[in-house]
Amino acid sequence: MSLLALGFRYHGLVYRGHNPRWQHEPESGTGAALNGGRWNPVGLPALYTSERFETAWLEAQQGFPFKTQPLTLCTYEVDCGPLLDLCDPAIRERVRPNPEEWMHEAWLEKKIHRQPVIAWEIAEQLIHEGFAGIRVPSQAKGATDRDINIVFWKWTRGRPTKVRVIDDQDRLSGPDSG
């Protein structure tokens, strides 16, 4: 059975916290593409979201554990697939052996030292196989089993890869948007 057969469609809400400087582009994966992330190499856009509001907060404040920084918290309406659930140990094992090694790898340290990042290799493999994203446990400090992220590599404003910010009052466009 191919991994794609294990994919699922996520339908519901997710949350994301980001720097207010970028609030005018809440559906952009440009920042992730510029810097890379745990699940996307430099050059690959990604939208990192969380299943719980509290997890989005934890994720966004990771670099500032003692001083809360300004944050724009957004809710997204999702109807997207296929996604692969890497919270499931059996699926992780099918993706690549020794999941404990790559689920918790020091990806940023590897990036800095120009070493291969296993999670990036896995992301590229799953994208090639047709996945729009993954569901993964949060690695943020203080995260528990309830803290789950969804990382999108392919998303649009409509089905089948719908990930759309909820902004009914047009608050994110800013005061200079006309």
# chains A, B, ... in the order shown; residues from 1 in each chain; ligands from 1
$ closest_atom_pairs --of "stretch 67-99 of chain A" --to "stretch 4-10 of chain A" --cutoff "12 Å" --atoms "only C-alpha atoms" --output "Markdown table"
| residue | atom | partner | partner_atom | distance |
| --- | --- | --- | --- | --- |
| A:Tyr76 | CA | A:Tyr10 | CA | 11.9 |
| A:Glu77 | CA | A:Tyr10 | CA | 10.0 |
| A:Val78 | CA | A:Tyr10 | CA | 6.7 |
| A:Asp79 | CA | A:Tyr10 | CA | 5.7 |
| A:Cys80 | CA | A:Tyr10 | CA | 5.4 |
| A:Gly81 | CA | A:Arg9 | CA | 4.2 |
| A:Pro82 | CA | A:Gly7 | CA | 5.0 |
| A:Leu83 | CA | A:Gly7 | CA | 5.1 |
| A:Leu84 | CA | A:Gly7 | CA | 4.9 |
| A:Asp85 | CA | A:Gly7 | CA | 7.4 |
| A:Leu86 | CA | A:Gly7 | CA | 10.4 |
| A:Asp88 | CA | A:Leu6 | CA | 10.8 |
| A:Ala90 | CA | A:Leu6 | CA | 10.9 |
| A:Ile91 | CA | A:Leu6 | CA | 8.1 |
| A:Arg92 | CA | A:Leu6 | CA | 11.3 |
| A:Arg94 | CA | A:Leu6 | CA | 10.4 |
| A:Val95 | CA | A:Leu4 | CA | 10.8 |
$ write_last_selection --atoms "C-alpha atoms" --output "short mmCIF file (atom, residue, chain, number, x, y, z; two decimals), in the first residue's frame"
data_model
loop_
_atom_site.label_atom_id
_atom_site.label_comp_id
_atom_site.auth_asym_id
_atom_site.auth_seq_id
_atom_site.Cartn_x
_atom_site.Cartn_y
_atom_site.Cartn_z
CA TYR A 76 -8.01 29.52 9.37
CA GLU A 77 -10.85 27.57 7.78
CA VAL A 78 -9.49 24.35 6.30
CA ASP A 79 -10.80 21.77 3.86
CA CYS A 80 -7.54 20.32 2.59
CA GLY A 81 -5.99 17.04 1.69
CA PRO A 82 -4.37 14.69 1.38
CA LEU A 83 -2.43 15.07 4.61
CA LEU A 84 -0.34 12.44 6.34
CA ASP A 85 -0.65 11.94 10.10
CA LEU A 86 2.86 11.73 11.51
CA ASP A 88 0.69 7.97 14.33
CA ALA A 90 2.92 3.18 12.69
CA ILE A 91 2.76 5.74 9.88
CA ARG A 92 6.03 7.35 11.02
CA ARG A 94 6.43 3.42 7.30
CA VAL A 95 7.68 6.83 6.20
#
$ select_by_dssp --residues "chain A" --states "strand (DSSP E or B)" --output "NGL selection string"
:A and (8-18 or 37 or 40 or 47-50 or 72-85 or 133-137 or 148-152 or 156 or 161-165)
$ write_last_selection --atoms "C-alpha atoms" --output "JSON list (two decimals), in the first residue's frame"
[["chain", "number", "residue", "atom", "x", "y", "z"],
["A", 8, "PHE", "CA", -6.74, 12.04, 5.02],
["A", 9, "ARG", "CA", -8.65, 15.27, 4.46],
["A", 10, "TYR", "CA", -8.64, 17.82, 7.28],
["A", 11, "HIS", "CA", -11.86, 19.78, 7.59],
["A", 12, "GLY", "CA", -12.09, 22.29, 10.42],
["A", 13, "LEU", "CA", -10.23, 25.18, 12.01],
["A", 14, "VAL", "CA", -6.54, 25.69, 12.68],
["A", 15, "TYR", "CA", -4.64, 28.56, 14.30],
["A", 16, "ARG", "CA", -1.44, 30.44, 13.62],
["A", 17, "GLY", "CA", 0.51, 33.09, 15.47],
["A", 18, "HIS", "CA", 2.88, 35.32, 13.58],
["A", 37, "GLY", "CA", 11.63, 25.40, 9.02],
["A", 40, "ASN", "CA", 10.42, 22.80, 4.83],
["A", 47, "LEU", "CA", 2.19, 27.39, 6.29],
["A", 48, "TYR", "CA", 2.68, 26.21, 9.87],
["A", 49, "THR", "CA", -0.57, 26.00, 11.84],
["A", 50, "SER", "CA", -1.83, 24.38, 15.04],
["A", 72, "THR", "CA", -1.06, 38.32, 15.55],
["A", 73, "LEU", "CA", -3.19, 35.23, 16.16],
["A", 74, "CYS", "CA", -5.29, 34.07, 13.23],
["A", 75, "THR", "CA", -7.88, 31.37, 12.67],
["A", 76, "TYR", "CA", -8.01, 29.52, 9.37],
["A", 77, "GLU", "CA", -10.85, 27.57, 7.78],
["A", 78, "VAL", "CA", -9.49, 24.35, 6.30],
["A", 79, "ASP", "CA", -10.80, 21.77, 3.86],
["A", 80, "CYS", "CA", -7.54, 20.32, 2.59],
["A", 81, "GLY", "CA", -5.99, 17.04, 1.69],
["A", 82, "PRO", "CA", -4.37, 14.69, 1.38],
["A", 83, "LEU", "CA", -2.43, 15.07, 4.61],
["A", 84, "LEU", "CA", -0.34, 12.44, 6.34],
["A", 85, "ASP", "CA", -0.65, 11.94, 10.10],
["A", 133, "GLY", "CA", 0.80, 18.64, 4.19],
["A", 134, "ILE", "CA", 1.36, 16.74, 7.41],
["A", 135, "ARG", "CA", 0.00, 16.52, 10.95],
["A", 136, "VAL", "CA", 2.83, 16.43, 13.52],
["A", 137, "PRO", "CA", 3.36, 16.71, 17.27],
["A", 148, "ILE", "CA", -0.50, 19.18, 17.37],
["A", 149, "ASN", "CA", 0.57, 21.14, 14.31],
["A", 150, "ILE", "CA", -0.49, 20.92, 10.70],
["A", 151, "VAL", "CA", 2.08, 22.02, 8.15],
["A", 152, "PHE", "CA", 0.77, 22.81, 4.67],
["A", 156, "THR", "CA", -5.17, 27.67, -1.91],
["A", 161, "THR", "CA", -6.48, 22.46, -0.76],
["A", 162, "LYS", "CA", -8.45, 25.17, 1.05],
["A", 163, "VAL", "CA", -6.69, 27.03, 3.86],
["A", 164, "ARG", "CA", -8.27, 30.47, 4.23],
["A", 165, "VAL", "CA", -7.74, 33.00, 7.00]]
$ residues_around --residues "A:Arg96" --least-positions-apart "2" --cutoff "12 Å" --atoms "only C-alpha atoms" --output "CSV table (one decimal) with C-alpha atoms, in the first residue's frame"
chain,number,residue,atom,x,y,z
A,3,LEU,CA,1.6,6.2,1.7
A,86,LEU,CA,2.9,11.7,11.5
A,89,PRO,CA,3.8,5.9,15.3
A,90,ALA,CA,2.9,3.2,12.7
A,91,ILE,CA,2.8,5.7,9.9
A,92,ARG,CA,6.0,7.4,11.0
A,93,GLU,CA,7.7,4.0,10.9
A,94,ARG,CA,6.4,3.4,7.3
A,98,ASN,CA,14.0,5.1,13.3
A,99,PRO,CA,11.4,7.9,13.7
A,100,GLU,CA,12.7,8.9,17.1
A,101,GLU,CA,15.9,10.0,15.3
A,102,TRP,CA,14.2,12.3,12.8
A,103,MET,CA,11.1,13.5,14.7
A,118,ILE,CA,16.1,14.4,7.5
A,119,ALA,CA,12.8,16.1,7.9
A,121,GLU,CA,14.1,14.9,2.9
A,122,ILE,CA,10.9,13.5,4.2
A,123,ALA,CA,8.9,16.6,3.3
A,125,GLN,CA,9.4,12.8,-0.6
A,126,LEU,CA,5.8,13.4,0.7
$ residues_around --residues "A:Leu44" --least-positions-apart "3" --cutoff "10 Å" --atoms "only C-alpha atoms" --output "ChimeraX atom specification"
/A:29-37,39-41,120,123-124,153
$ write_last_selection --atoms "C-alpha atoms" --output "PDB file, in the first residue's frame"
ATOM      1  CA  GLY A  29       4.433  30.885   3.285  1.00  0.00           C
ATOM      2  CA  THR A  30       7.128  33.326   2.224  1.00  0.00           C
ATOM      3  CA  GLY A  31       8.790  33.636   5.628  1.00  0.00           C
ATOM      4  CA  ALA A  32       9.103  29.883   5.911  1.00  0.00           C
ATOM      5  CA  ALA A  33      10.505  29.730   2.367  1.00  0.00           C
ATOM      6  CA  LEU A  34      13.100  32.419   3.141  1.00  0.00           C
ATOM      7  CA  ASN A  35      14.357  30.820   6.348  1.00  0.00           C
ATOM      8  CA  GLY A  36      13.337  27.177   6.154  1.00  0.00           C
ATOM      9  CA  GLY A  37      11.627  25.396   9.023  1.00  0.00           C
ATOM     10  CA  TRP A  39       9.398  20.625   7.794  1.00  0.00           C
ATOM     11  CA  ASN A  40      10.419  22.798   4.830  1.00  0.00           C
ATOM     12  CA  PRO A  41      13.838  23.502   3.341  1.00  0.00           C
ATOM     13  CA  TRP A 120      13.437  18.143   4.773  1.00  0.00           C
ATOM     14  CA  ALA A 123       8.942  16.629   3.257  1.00  0.00           C
ATOM     15  CA  GLU A 124      10.259  16.536  -0.300  1.00  0.00           C
ATOM     16  CA  TRP A 153       3.008  22.693   1.611  1.00  0.00           C
TER      17      TRP A 153
END
$ select_by_dssp --residues "chain A" --states "helix (DSSP H, G or I)" --output "tab-separated table (two decimals) with N, CA and C atoms, in the first residue's frame"
chain	number	residue	atom	x	y	z
A	3	LEU	N	1.89	5.22	0.59
A	3	LEU	CA	1.62	6.16	1.68
A	3	LEU	C	0.41	7.02	1.38
A	4	LEU	N	0.21	7.36	0.11
A	4	LEU	CA	-0.91	8.22	-0.27
A	4	LEU	C	-2.25	7.61	0.14
A	5	ALA	N	-2.31	6.29	0.16
A	5	ALA	CA	-3.54	5.60	0.59
A	5	ALA	C	-3.83	5.86	2.07
A	6	LEU	N	-2.83	6.27	2.84
A	6	LEU	CA	-3.00	6.56	4.26
A	6	LEU	C	-3.38	8.03	4.51
A	20	PRO	N	3.32	40.56	13.90
A	20	PRO	CA	2.36	41.53	13.35
A	20	PRO	C	2.88	42.24	12.10
A	21	ARG	N	4.18	42.29	11.93
A	21	ARG	CA	4.77	42.92	10.75
A	21	ARG	C	4.27	42.26	9.46
A	22	TRP	N	3.90	40.99	9.56
A	22	TRP	CA	3.48	40.23	8.37
A	22	TRP	C	1.99	39.97	8.34
A	30	THR	N	5.88	32.71	2.64
A	30	THR	CA	7.13	33.33	2.22
A	30	THR	C	8.19	33.32	3.31
A	31	GLY	N	7.81	33.64	4.54
A	31	GLY	CA	8.79	33.64	5.63
A	31	GLY	C	9.42	32.27	5.82
A	32	ALA	N	8.59	31.25	5.77
A	32	ALA	CA	9.10	29.88	5.91
A	32	ALA	C	10.02	29.54	4.74
A	33	ALA	N	9.67	30.00	3.53
A	33	ALA	CA	10.50	29.73	2.37
A	33	ALA	C	11.85	30.44	2.48
A	34	LEU	N	11.86	31.65	3.01
A	34	LEU	CA	13.10	32.42	3.14
A	34	LEU	C	14.06	31.79	4.15
A	35	ASN	N	13.52	31.30	5.25
A	35	ASN	CA	14.36	30.82	6.35
A	35	ASN	C	14.41	29.31	6.50
A	53	PHE	N	-5.58	26.78	19.64
A	53	PHE	CA	-5.16	28.17	19.82
A	53	PHE	C	-3.95	28.24	20.75
A	54	GLU	N	-3.98	27.46	21.83
A	54	GLU	CA	-2.90	27.46	22.80
A	54	GLU	C	-1.58	26.97	22.20
A	55	THR	N	-1.66	26.03	21.28
A	55	THR	CA	-0.46	25.52	20.63
A	55	THR	C	0.14	26.57	19.71
A	56	ALA	N	-0.71	27.30	19.00
A	56	ALA	CA	-0.22	28.39	18.14
A	56	ALA	C	0.55	29.41	18.98
A	57	TRP	N	0.04	29.69	20.16
A	57	TRP	CA	0.71	30.62	21.07
A	57	TRP	C	2.09	30.06	21.48
A	58	LEU	N	2.13	28.80	21.89
A	58	LEU	CA	3.40	28.17	22.28
A	58	LEU	C	4.41	28.22	21.14
A	59	GLU	N	3.97	27.86	19.96
A	59	GLU	CA	4.85	27.82	18.80
A	59	GLU	C	5.43	29.20	18.49
A	60	ALA	N	4.59	30.21	18.53
A	60	ALA	CA	5.03	31.56	18.16
A	60	ALA	C	5.95	32.19	19.20
A	89	PRO	N	2.47	6.56	15.28
A	89	PRO	CA	3.78	5.88	15.25
A	89	PRO	C	3.91	4.87	14.12
A	90	ALA	N	2.84	4.17	13.77
A	90	ALA	CA	2.92	3.18	12.69
A	90	ALA	C	3.17	3.85	11.35
A	91	ILE	N	2.54	5.00	11.14
A	91	ILE	CA	2.76	5.74	9.88
A	91	ILE	C	4.18	6.30	9.85
A	92	ARG	N	4.65	6.83	10.97
A	92	ARG	CA	6.03	7.35	11.02
A	92	ARG	C	7.03	6.27	10.62
A	93	GLU	N	6.83	5.08	11.14
A	93	GLU	CA	7.75	3.96	10.85
A	93	GLU	C	7.71	3.61	9.36
A	94	ARG	N	6.54	3.72	8.74
A	94	ARG	CA	6.43	3.42	7.30
A	94	ARG	C	7.09	4.50	6.46
A	95	VAL	N	7.08	5.74	6.94
A	95	VAL	CA	7.68	6.83	6.20
A	95	VAL	C	9.19	6.68	6.14
A	99	PRO	N	12.04	6.60	13.58
A	99	PRO	CA	11.40	7.91	13.67
A	99	PRO	C	11.83	8.75	14.86
A	100	GLU	N	12.26	8.14	15.95
A	100	GLU	CA	12.71	8.95	17.09
A	100	GLU	C	13.93	9.78	16.72
A	101	GLU	N	14.72	9.27	15.80
A	101	GLU	CA	15.90	9.99	15.33
A	101	GLU	C	15.51	11.25	14.55
A	102	TRP	N	14.54	11.14	13.65
A	102	TRP	CA	14.22	12.28	12.79
A	102	TRP	C	13.08	13.15	13.30
A	103	MET	N	12.22	12.62	14.15
A	103	MET	CA	11.13	13.45	14.68
A	103	MET	C	11.66	14.54	15.61
A	107	TRP	N	17.19	20.18	13.69
A	107	TRP	CA	17.21	20.61	12.30
A	107	TRP	C	17.91	21.96	12.12
A	108	LEU	N	17.70	22.89	13.03
A	108	LEU	CA	18.30	24.21	12.88
A	108	LEU	C	19.83	24.14	13.00
A	109	GLU	N	20.30	23.35	13.94
A	109	GLU	CA	21.74	23.14	14.09
A	109	GLU	C	22.31	22.52	12.81
A	110	LYS	N	21.60	21.54	12.26
A	110	LYS	CA	22.05	20.91	11.02
A	110	LYS	C	22.06	21.92	9.87
A	111	LYS	N	21.03	22.75	9.78
A	111	LYS	CA	20.96	23.77	8.73
A	111	LYS	C	22.16	24.71	8.84
A	112	ILE	N	22.44	25.19	10.04
A	112	ILE	CA	23.55	26.12	10.27
A	112	ILE	C	24.87	25.50	9.84
A	118	ILE	N	16.97	15.50	7.84
A	118	ILE	CA	16.13	14.36	7.48
A	118	ILE	C	14.68	14.80	7.25
A	119	ALA	N	14.16	15.68	8.10
A	119	ALA	CA	12.78	16.13	7.94
A	119	ALA	C	12.56	16.81	6.59
A	120	TRP	N	13.56	17.51	6.09
A	120	TRP	CA	13.44	18.14	4.77
A	120	TRP	C	13.36	17.08	3.68
A	121	GLU	N	14.17	16.03	3.82
A	121	GLU	CA	14.13	14.93	2.85
A	121	GLU	C	12.75	14.27	2.86
A	122	ILE	N	12.20	14.08	4.05
A	122	ILE	CA	10.88	13.47	4.17
A	122	ILE	C	9.82	14.38	3.56
A	123	ALA	N	9.90	15.68	3.84
A	123	ALA	CA	8.94	16.63	3.26
A	123	ALA	C	8.97	16.56	1.74
A	124	GLU	N	10.15	16.59	1.16
A	124	GLU	CA	10.26	16.54	-0.30
A	124	GLU	C	9.71	15.23	-0.85
A	125	GLN	N	9.94	14.12	-0.14
A	125	GLN	CA	9.41	12.82	-0.55
A	125	GLN	C	7.87	12.84	-0.54
A	126	LEU	N	7.30	13.35	0.55
A	126	LEU	CA	5.84	13.36	0.68
A	126	LEU	C	5.18	14.31	-0.33
A	127	ILE	N	5.80	15.43	-0.59
A	127	ILE	CA	5.28	16.36	-1.61
A	127	ILE	C	5.30	15.66	-2.97
A	128	HIS	N	6.39	15.00	-3.27
A	128	HIS	CA	6.51	14.27	-4.53
A	128	HIS	C	5.43	13.19	-4.66
A	129	GLU	N	5.06	12.58	-3.53
A	129	GLU	CA	4.03	11.55	-3.54
A	129	GLU	C	2.62	12.13	-3.63
$ closest_residue --among "A:Pro26, A:Ala106, A:Glu51, A:Arg114" --to "A:Ile166" --atoms "only C-alpha atoms"
A:Pro26
